$ cat run_38.cif   # mmCIF, C-alpha atoms
data_coords
#
loop_
_atom_site.label_atom_id
_atom_site.label_comp_id
_atom_site.auth_asym_id
_atom_site.auth_seq_id
_atom_site.Cartn_x
_atom_site.Cartn_y
_atom_site.Cartn_z
CA MET H 1 0.00 0.00 0.00
CA ARG H 2 1.41 3.37 -1.01
CA ILE H 3 -0.50 5.65 1.39
CA ILE H 4 2.90 6.53 2.84
CA SER H 5 4.04 7.73 -0.60
CA ILE H 6 1.05 10.05 -0.77
CA VAL H 7 2.01 11.48 2.62
CA LEU H 8 5.54 12.10 1.27
CA VAL H 9 4.10 14.32 -1.44
CA VAL H 10 2.39 16.44 1.22
CA LEU H 11 5.18 16.45 3.77
CA ALA H 12 8.59 18.00 3.42
CA VAL H 13 11.47 16.31 5.15
CA ALA H 14 14.05 18.48 6.85
CA ALA H 15 17.73 18.21 5.99
CA GLY H 16 19.70 15.49 7.70
CA PRO H 17 21.49 12.26 6.95
CA ALA H 18 19.21 10.65 4.43
CA ALA H 19 19.37 7.75 2.07
CA ALA H 20 17.08 9.34 -0.51
CA THR H 21 15.86 12.88 -1.07
CA THR H 22 12.98 14.20 -3.16
CA ASP H 23 11.65 17.68 -3.87
CA ALA H 24 8.21 18.65 -5.22
CA ARG H 25 6.31 21.94 -5.18
CA SER H 26 2.65 22.59 -5.78
CA THR H 27 1.26 25.73 -7.36
CA SER H 28 -0.28 26.65 -4.00
CA GLY H 29 3.05 27.26 -2.36
CA SER H 30 2.97 24.19 -0.16
CA THR H 31 6.27 22.37 -0.43
CA THR H 32 7.50 18.83 -0.17
CA SER H 33 11.08 17.71 0.08
CA GLY H 34 12.93 15.21 2.11
CA SER H 35 14.28 11.86 2.95
CA THR H 36 12.77 8.51 3.73
CA THR H 37 13.45 8.89 7.48
CA GLY H 38 14.05 11.68 9.97
CA THR H 39 12.05 14.84 10.46
CA GLN H 40 9.36 15.68 7.92
CA THR H 41 8.48 19.35 7.48
CA THR H 42 5.40 20.65 5.71
CA THR H 43 4.78 24.31 4.94
CA PHE H 44 1.68 25.88 3.42
CA THR H 45 -0.45 29.01 3.30
CA VAL H 46 -4.15 28.77 4.06
CA THR H 47 -7.07 31.19 4.38
CA LEU H 48 -9.39 30.24 7.23
CA THR H 49 -12.95 31.47 7.57
CA SER H 50 -15.04 31.48 10.72
CA GLN H 51 -17.68 28.77 11.04
CA GLN H 52 -18.78 29.42 14.63
CA THR H 53 -17.91 32.10 17.17
CA VAL H 54 -18.81 32.60 20.81
CA LEU H 55 -17.32 35.83 22.16
CA GLU H 56 -18.08 37.79 25.31
CA GLN H 57 -17.07 41.36 26.12
CA LEU H 58 -16.31 42.90 29.52
CA GLY H 59 -15.24 46.27 30.86
CA ALA H 60 -16.83 49.69 30.67
CA GLY H 61 -16.23 50.02 26.91
CA GLY H 62 -16.10 46.33 26.07
CA GLU H 63 -12.33 46.44 25.84
CA ILE H 64 -11.90 42.86 27.10
CA THR H 65 -12.97 40.12 24.69
CA TYR H 66 -12.80 36.40 25.43
CA GLY H 67 -14.24 33.30 23.85
CA TRP H 68 -13.64 30.92 20.97
CA ASN H 69 -13.77 30.69 17.21
CA GLU H 70 -13.84 27.70 14.86
CA LEU H 71 -12.10 28.48 11.57
CA THR H 72 -11.73 26.15 8.57
CA GLY H 73 -9.99 26.23 5.22
CA THR H 74 -8.24 24.21 2.56
CA ALA H 75 -4.62 24.36 1.43
CA PRO H 76 -4.03 22.85 -2.02
CA SER H 77 -0.99 20.63 -2.41
CA ALA H 78 0.56 18.46 -5.11
CA SER H 79 -1.03 15.30 -3.64
CA GLY H 80 -4.44 16.78 -2.82
CA ASP H 81 -6.04 19.24 -0.47
CA ILE H 82 -5.05 19.66 3.17
CA GLY H 83 -8.14 20.33 5.29
CA VAL H 84 -7.36 22.72 8.14
CA THR H 85 -9.50 23.32 11.23
CA LEU H 86 -8.43 25.77 13.92
CA LEU H 87 -10.26 25.94 17.25
CA GLY H 88 -9.02 29.18 18.78
CA ASN H 89 -9.64 30.61 22.24
CA VAL H 90 -8.88 34.29 22.84
CA GLU H 91 -8.43 36.65 25.76
CA TYR H 92 -7.90 40.06 24.19
CA SER H 93 -7.69 43.54 25.60
CA ASN H 94 -8.48 46.19 22.97
CA GLY H 95 -8.10 43.58 20.21
CA VAL H 96 -4.70 42.18 21.19
CA GLY H 97 -3.44 39.50 23.54
CA PRO H 98 -2.91 35.79 24.02
CA PHE H 99 -4.71 32.92 22.30
CA PHE H 100 -4.53 29.14 22.46
CA GLY H 101 -6.26 26.23 20.85
CA PHE H 102 -5.93 23.31 18.48
CA MET H 103 -5.20 22.90 14.78
CA THR H 104 -6.16 19.75 12.88
CA LEU H 105 -4.62 18.92 9.49
CA LYS H 106 -6.43 16.32 7.36
CA PHE H 107 -4.29 15.20 4.44
CA ALA H 108 -5.54 13.76 1.15
CA SER H 109 -3.92 10.46 2.19
CA LEU H 110 -6.60 10.21 4.93
CA SER H 111 -3.95 10.79 7.61
CA THR H 112 -4.62 13.40 10.28
CA VAL H 113 -2.34 15.35 12.63
CA GLY H 114 -3.58 17.24 15.68
CA THR H 115 -1.67 20.09 17.32
CA ARG H 116 -1.97 22.24 20.44
CA LEU H 117 -1.08 25.90 19.89
CA THR H 118 -0.32 29.01 21.91
CA GLY H 119 0.26 32.45 20.50
CA LYS H 120 -0.21 36.18 20.61
CA ALA H 121 -2.17 38.65 18.50
CA THR H 122 -0.90 42.18 17.93
CA GLN H 123 -2.29 45.06 15.90
CA ASP H 124 -0.47 47.54 13.68
CA SER H 125 -1.35 51.22 13.30
CA SER H 126 -3.72 50.50 10.38
CA GLY H 127 -5.77 48.07 12.50
CA VAL H 128 -4.51 44.85 10.85
CA THR H 129 -4.15 42.02 13.37
CA HIS H 130 -0.96 39.92 13.21
CA PHE H 131 -0.66 36.43 14.70
CA ARG H 132 2.34 34.42 15.81
CA ALA H 133 1.97 30.99 17.41
CA LYS H 134 3.91 27.87 18.34
CA MET H 135 2.42 24.40 17.92
CA ARG H 136 3.08 20.98 19.47
CA ILE H 137 1.89 17.80 17.76
CA ILE H 138 -0.40 15.84 20.07
CA GLY H 139 -0.87 12.84 17.77
CA GLY H 140 -1.72 11.48 14.37
CA SER H 141 -3.83 8.86 12.62
CA ALA H 142 -3.37 6.37 9.75
CA ALA H 143 0.17 6.74 8.32
CA LEU H 144 0.93 9.44 10.91
CA ILE H 145 0.26 7.41 14.07
CA GLY H 146 3.13 8.10 16.43
CA ALA H 147 3.90 11.52 14.96
CA LYS H 148 5.60 13.94 17.31
CA GLY H 149 7.03 17.35 16.71
CA THR H 150 6.49 21.07 16.68
CA GLY H 151 5.41 23.82 14.36
CA SER H 152 4.54 27.46 14.09
CA PHE H 153 2.44 29.90 12.16
CA THR H 154 2.28 33.58 11.41
CA GLY H 155 -0.66 35.32 9.88
CA THR H 156 -2.96 38.30 9.49
CA ARG H 157 -6.60 39.25 9.83
CA ARG H 158 -7.76 42.47 8.16
CA ASP H 159 -11.34 42.35 9.48
CA ASP H 160 -12.83 42.33 12.97
CA LEU H 161 -12.44 39.35 15.30
CA GLY H 162 -14.18 36.42 13.60
CA GLY H 163 -13.11 37.57 10.11
CA ALA H 164 -10.99 35.57 7.63
CA VAL H 165 -7.43 34.77 8.68
CA GLU H 166 -4.50 34.03 6.36
CA LEU H 167 -1.80 31.83 7.89
CA ASP H 168 1.65 30.62 6.86
CA VAL H 169 2.07 27.26 8.63
CA THR H 170 5.21 25.18 9.21
CA LEU H 171 5.00 21.76 10.88
CA LYS H 172 8.01 19.54 11.69
CA MET H 173 7.14 15.90 12.35
CA ARG H 174 9.23 13.02 13.64
CA GLY H 175 8.37 9.53 14.79
CA VAL H 176 6.90 8.39 11.49
CA ASP H 177 8.66 6.45 8.74
CA ILE H 178 7.75 7.50 5.25
CA GLY H 179 10.31 5.27 3.56
#
$ encode --input "run_38.cif" --output "structure tokens"
Amino acid sequence: MRIISIVLVVLAVAAGPAAATTDARSTSGSTTSGSTTGTQTTTFTVTLTSQQTVLEQLGAGGEITYGWNELTGTAPSASGDIGVTLLGNVEYSNGVGPFFGFMTLKFASLSTVGTRLTGKATQDSSGVTHFRAKMRIIGGSAALIGAKGTGSFTGTRRDDLGGAVELDVTLKMRGVDIG
């Protein structure tokens, strides 16, 4: 069964001592390169849109906002779409502050990776919100059972809280053999 080969097309493998190395790029900007063992790294850009939001406001002018948002999107790749779901929890003061949550990546190979994330939102002078977060893999399914690792993302939101978010995601996995 070549499900592992499909995963290779989606995942990029970081540099290291490797028996074989491949490199493929999709038109979406997601990249794949790597070896048959070691750390696999996948990078992609995705636009997420809000599906559900529960937010509460506190303070005299509503300057404190807390709650959660479910965002979903799709990142095209050479081997098929990557479904992305982000469950984000916020605690903002005047639109900025910490957030945490979970990101799920569902690959075309039917393998899934779940991550836990923590980050911070800031705002520039034009009102655009910028995100930076670190992720930790909490597990995987199918060909990615046993996956461990870390990742990160940066991104922006040009609309109010609950608006579309564009993210650049990097995920580094180990503990899986794609050879």
$ resolve_selection --input "run_38.cif" --expression "the PyMOL selection byres ((chain H and resi 95-112) around 6)" --output "ChimeraX atom specification"
/H:3,6,80-94,113-122,140-143
$ residues_around --input "run_38.cif" --residues "H:Val46" --least-positions-apart "6" --cutoff "6 Å" --atoms "only C-alpha atoms" --output "list in words"
Ala75, Glu166 and Leu167 of chain H
$ closest_residue --input "run_38.cif" --among "H:Val176, H:Ala78, H:Thr47, H:Glu56" --to "H:Gly155" --atoms "all atoms listed in the file"
H:Thr47
$ resolve_selection --input "run_38.cif" --expression "the PyMOL selection byres ((chain H and resi 175) around 6)" --output "JSON, numbers by chain"
{"H": [146, 147, 148, 174, 176]}
$ resolve_selection --input "run_38.cif" --expression "the PyMOL selection byres ((chain H and resi 53) around 12)" --output "list in words"
Thr49, Ser50, Gln51, Gln52, Val54, Leu55, Glu56, Tyr66, Gly67, Trp68, Asn69, Glu70, Leu71, Leu86, Leu87, Gly88, Asn89, Val90, Leu161, Gly162 and Gly163 of chain H
$ atom_distance --input "run_38.cif" --atom1 "atom CA of H:Thr39" --atom2 "atom CA of H:Lys172"
6.3 Å
$ atom_distance --input "run_38.cif" --atom1 "atom CA of H:Phe131" --atom2 "atom CA of H:Ala60"
26.3 Å
$ build_atoms --input "run_38.cif" --residues "stretch 103-122 of chain H" --atoms "N, CA and C atoms" --output "PDB file, keeping the file's coordinate frame"
ATOM      1  N   MET H 103      -5.122  22.906  16.228  1.00  0.00           N
ATOM      2  CA  MET H 103      -5.200  22.900  14.780  1.00  0.00           C
ATOM      3  C   MET H 103      -5.158  21.442  14.323  1.00  0.00           C
ATOM      4  N   THR H 104      -6.101  21.082  13.451  1.00  0.00           N
ATOM      5  CA  THR H 104      -6.160  19.750  12.880  1.00  0.00           C
ATOM      6  C   THR H 104      -5.871  19.845  11.392  1.00  0.00           C
ATOM      7  N   LEU H 105      -4.965  18.988  10.910  1.00  0.00           N
ATOM      8  CA  LEU H 105      -4.620  18.920   9.490  1.00  0.00           C
ATOM      9  C   LEU H 105      -5.057  17.555   8.968  1.00  0.00           C
ATOM     10  N   LYS H 106      -5.947  17.561   7.982  1.00  0.00           N
ATOM     11  CA  LYS H 106      -6.430  16.320   7.360  1.00  0.00           C
ATOM     12  C   LYS H 106      -5.881  16.267   5.944  1.00  0.00           C
ATOM     13  N   PHE H 107      -4.956  15.327   5.715  1.00  0.00           N
ATOM     14  CA  PHE H 107      -4.290  15.200   4.440  1.00  0.00           C
ATOM     15  C   PHE H 107      -5.099  14.347   3.472  1.00  0.00           C
ATOM     16  N   ALA H 108      -4.842  14.520   2.190  1.00  0.00           N
ATOM     17  CA  ALA H 108      -5.540  13.760   1.150  1.00  0.00           C
ATOM     18  C   ALA H 108      -5.315  12.258   1.313  1.00  0.00           C
ATOM     19  N   SER H 109      -4.235  11.878   1.965  1.00  0.00           N
ATOM     20  CA  SER H 109      -3.920  10.460   2.190  1.00  0.00           C
ATOM     21  C   SER H 109      -4.806   9.837   3.266  1.00  0.00           C
ATOM     22  N   LEU H 110      -5.707  10.616   3.843  1.00  0.00           N
ATOM     23  CA  LEU H 110      -6.600  10.210   4.930  1.00  0.00           C
ATOM     24  C   LEU H 110      -5.890  10.152   6.277  1.00  0.00           C
ATOM     25  N   SER H 111      -4.677  10.672   6.346  1.00  0.00           N
ATOM     26  CA  SER H 111      -3.950  10.790   7.610  1.00  0.00           C
ATOM     27  C   SER H 111      -4.265  12.151   8.222  1.00  0.00           C
ATOM     28  N   THR H 112      -4.307  12.177   9.551  1.00  0.00           N
ATOM     29  CA  THR H 112      -4.620  13.400  10.280  1.00  0.00           C
ATOM     30  C   THR H 112      -3.553  13.650  11.334  1.00  0.00           C
ATOM     31  N   VAL H 113      -3.229  14.927  11.555  1.00  0.00           N
ATOM     32  CA  VAL H 113      -2.340  15.350  12.630  1.00  0.00           C
ATOM     33  C   VAL H 113      -3.073  16.393  13.447  1.00  0.00           C
ATOM     34  N   GLY H 114      -3.012  16.252  14.769  1.00  0.00           N
ATOM     35  CA  GLY H 114      -3.580  17.240  15.680  1.00  0.00           C
ATOM     36  C   GLY H 114      -2.483  17.972  16.413  1.00  0.00           C
ATOM     37  N   THR H 115      -2.655  19.294  16.595  1.00  0.00           N
ATOM     38  CA  THR H 115      -1.670  20.090  17.320  1.00  0.00           C
ATOM     39  C   THR H 115      -2.339  20.940  18.390  1.00  0.00           C
ATOM     40  N   ARG H 116      -1.588  21.278  19.401  1.00  0.00           N
ATOM     41  CA  ARG H 116      -1.970  22.240  20.440  1.00  0.00           C
ATOM     42  C   ARG H 116      -1.174  23.492  20.147  1.00  0.00           C
ATOM     43  N   LEU H 117      -1.793  24.667  20.236  1.00  0.00           N
ATOM     44  CA  LEU H 117      -1.080  25.900  19.890  1.00  0.00           C
ATOM     45  C   LEU H 117      -1.266  26.962  20.954  1.00  0.00           C
ATOM     46  N   THR H 118      -0.257  27.818  21.059  1.00  0.00           N
ATOM     47  CA  THR H 118      -0.320  29.010  21.910  1.00  0.00           C
ATOM     48  C   THR H 118       0.312  30.152  21.136  1.00  0.00           C
ATOM     49  N   GLY H 119      -0.276  31.336  21.259  1.00  0.00           N
ATOM     50  CA  GLY H 119       0.260  32.450  20.500  1.00  0.00           C
ATOM     51  C   GLY H 119      -0.190  33.791  21.039  1.00  0.00           C
ATOM     52  N   LYS H 120       0.126  34.811  20.243  1.00  0.00           N
ATOM     53  CA  LYS H 120      -0.210  36.180  20.610  1.00  0.00           C
ATOM     54  C   LYS H 120      -0.663  36.934  19.381  1.00  0.00           C
ATOM     55  N   ALA H 121      -1.679  37.767  19.565  1.00  0.00           N
ATOM     56  CA  ALA H 121      -2.170  38.650  18.500  1.00  0.00           C
ATOM     57  C   ALA H 121      -1.750  40.076  18.832  1.00  0.00           C
ATOM     58  N   THR H 122      -1.255  40.770  17.811  1.00  0.00           N
ATOM     59  CA  THR H 122      -0.900  42.180  17.930  1.00  0.00           C
ATOM     60  C   THR H 122      -1.611  42.938  16.811  1.00  0.00           C
TER      61      THR H 122
END
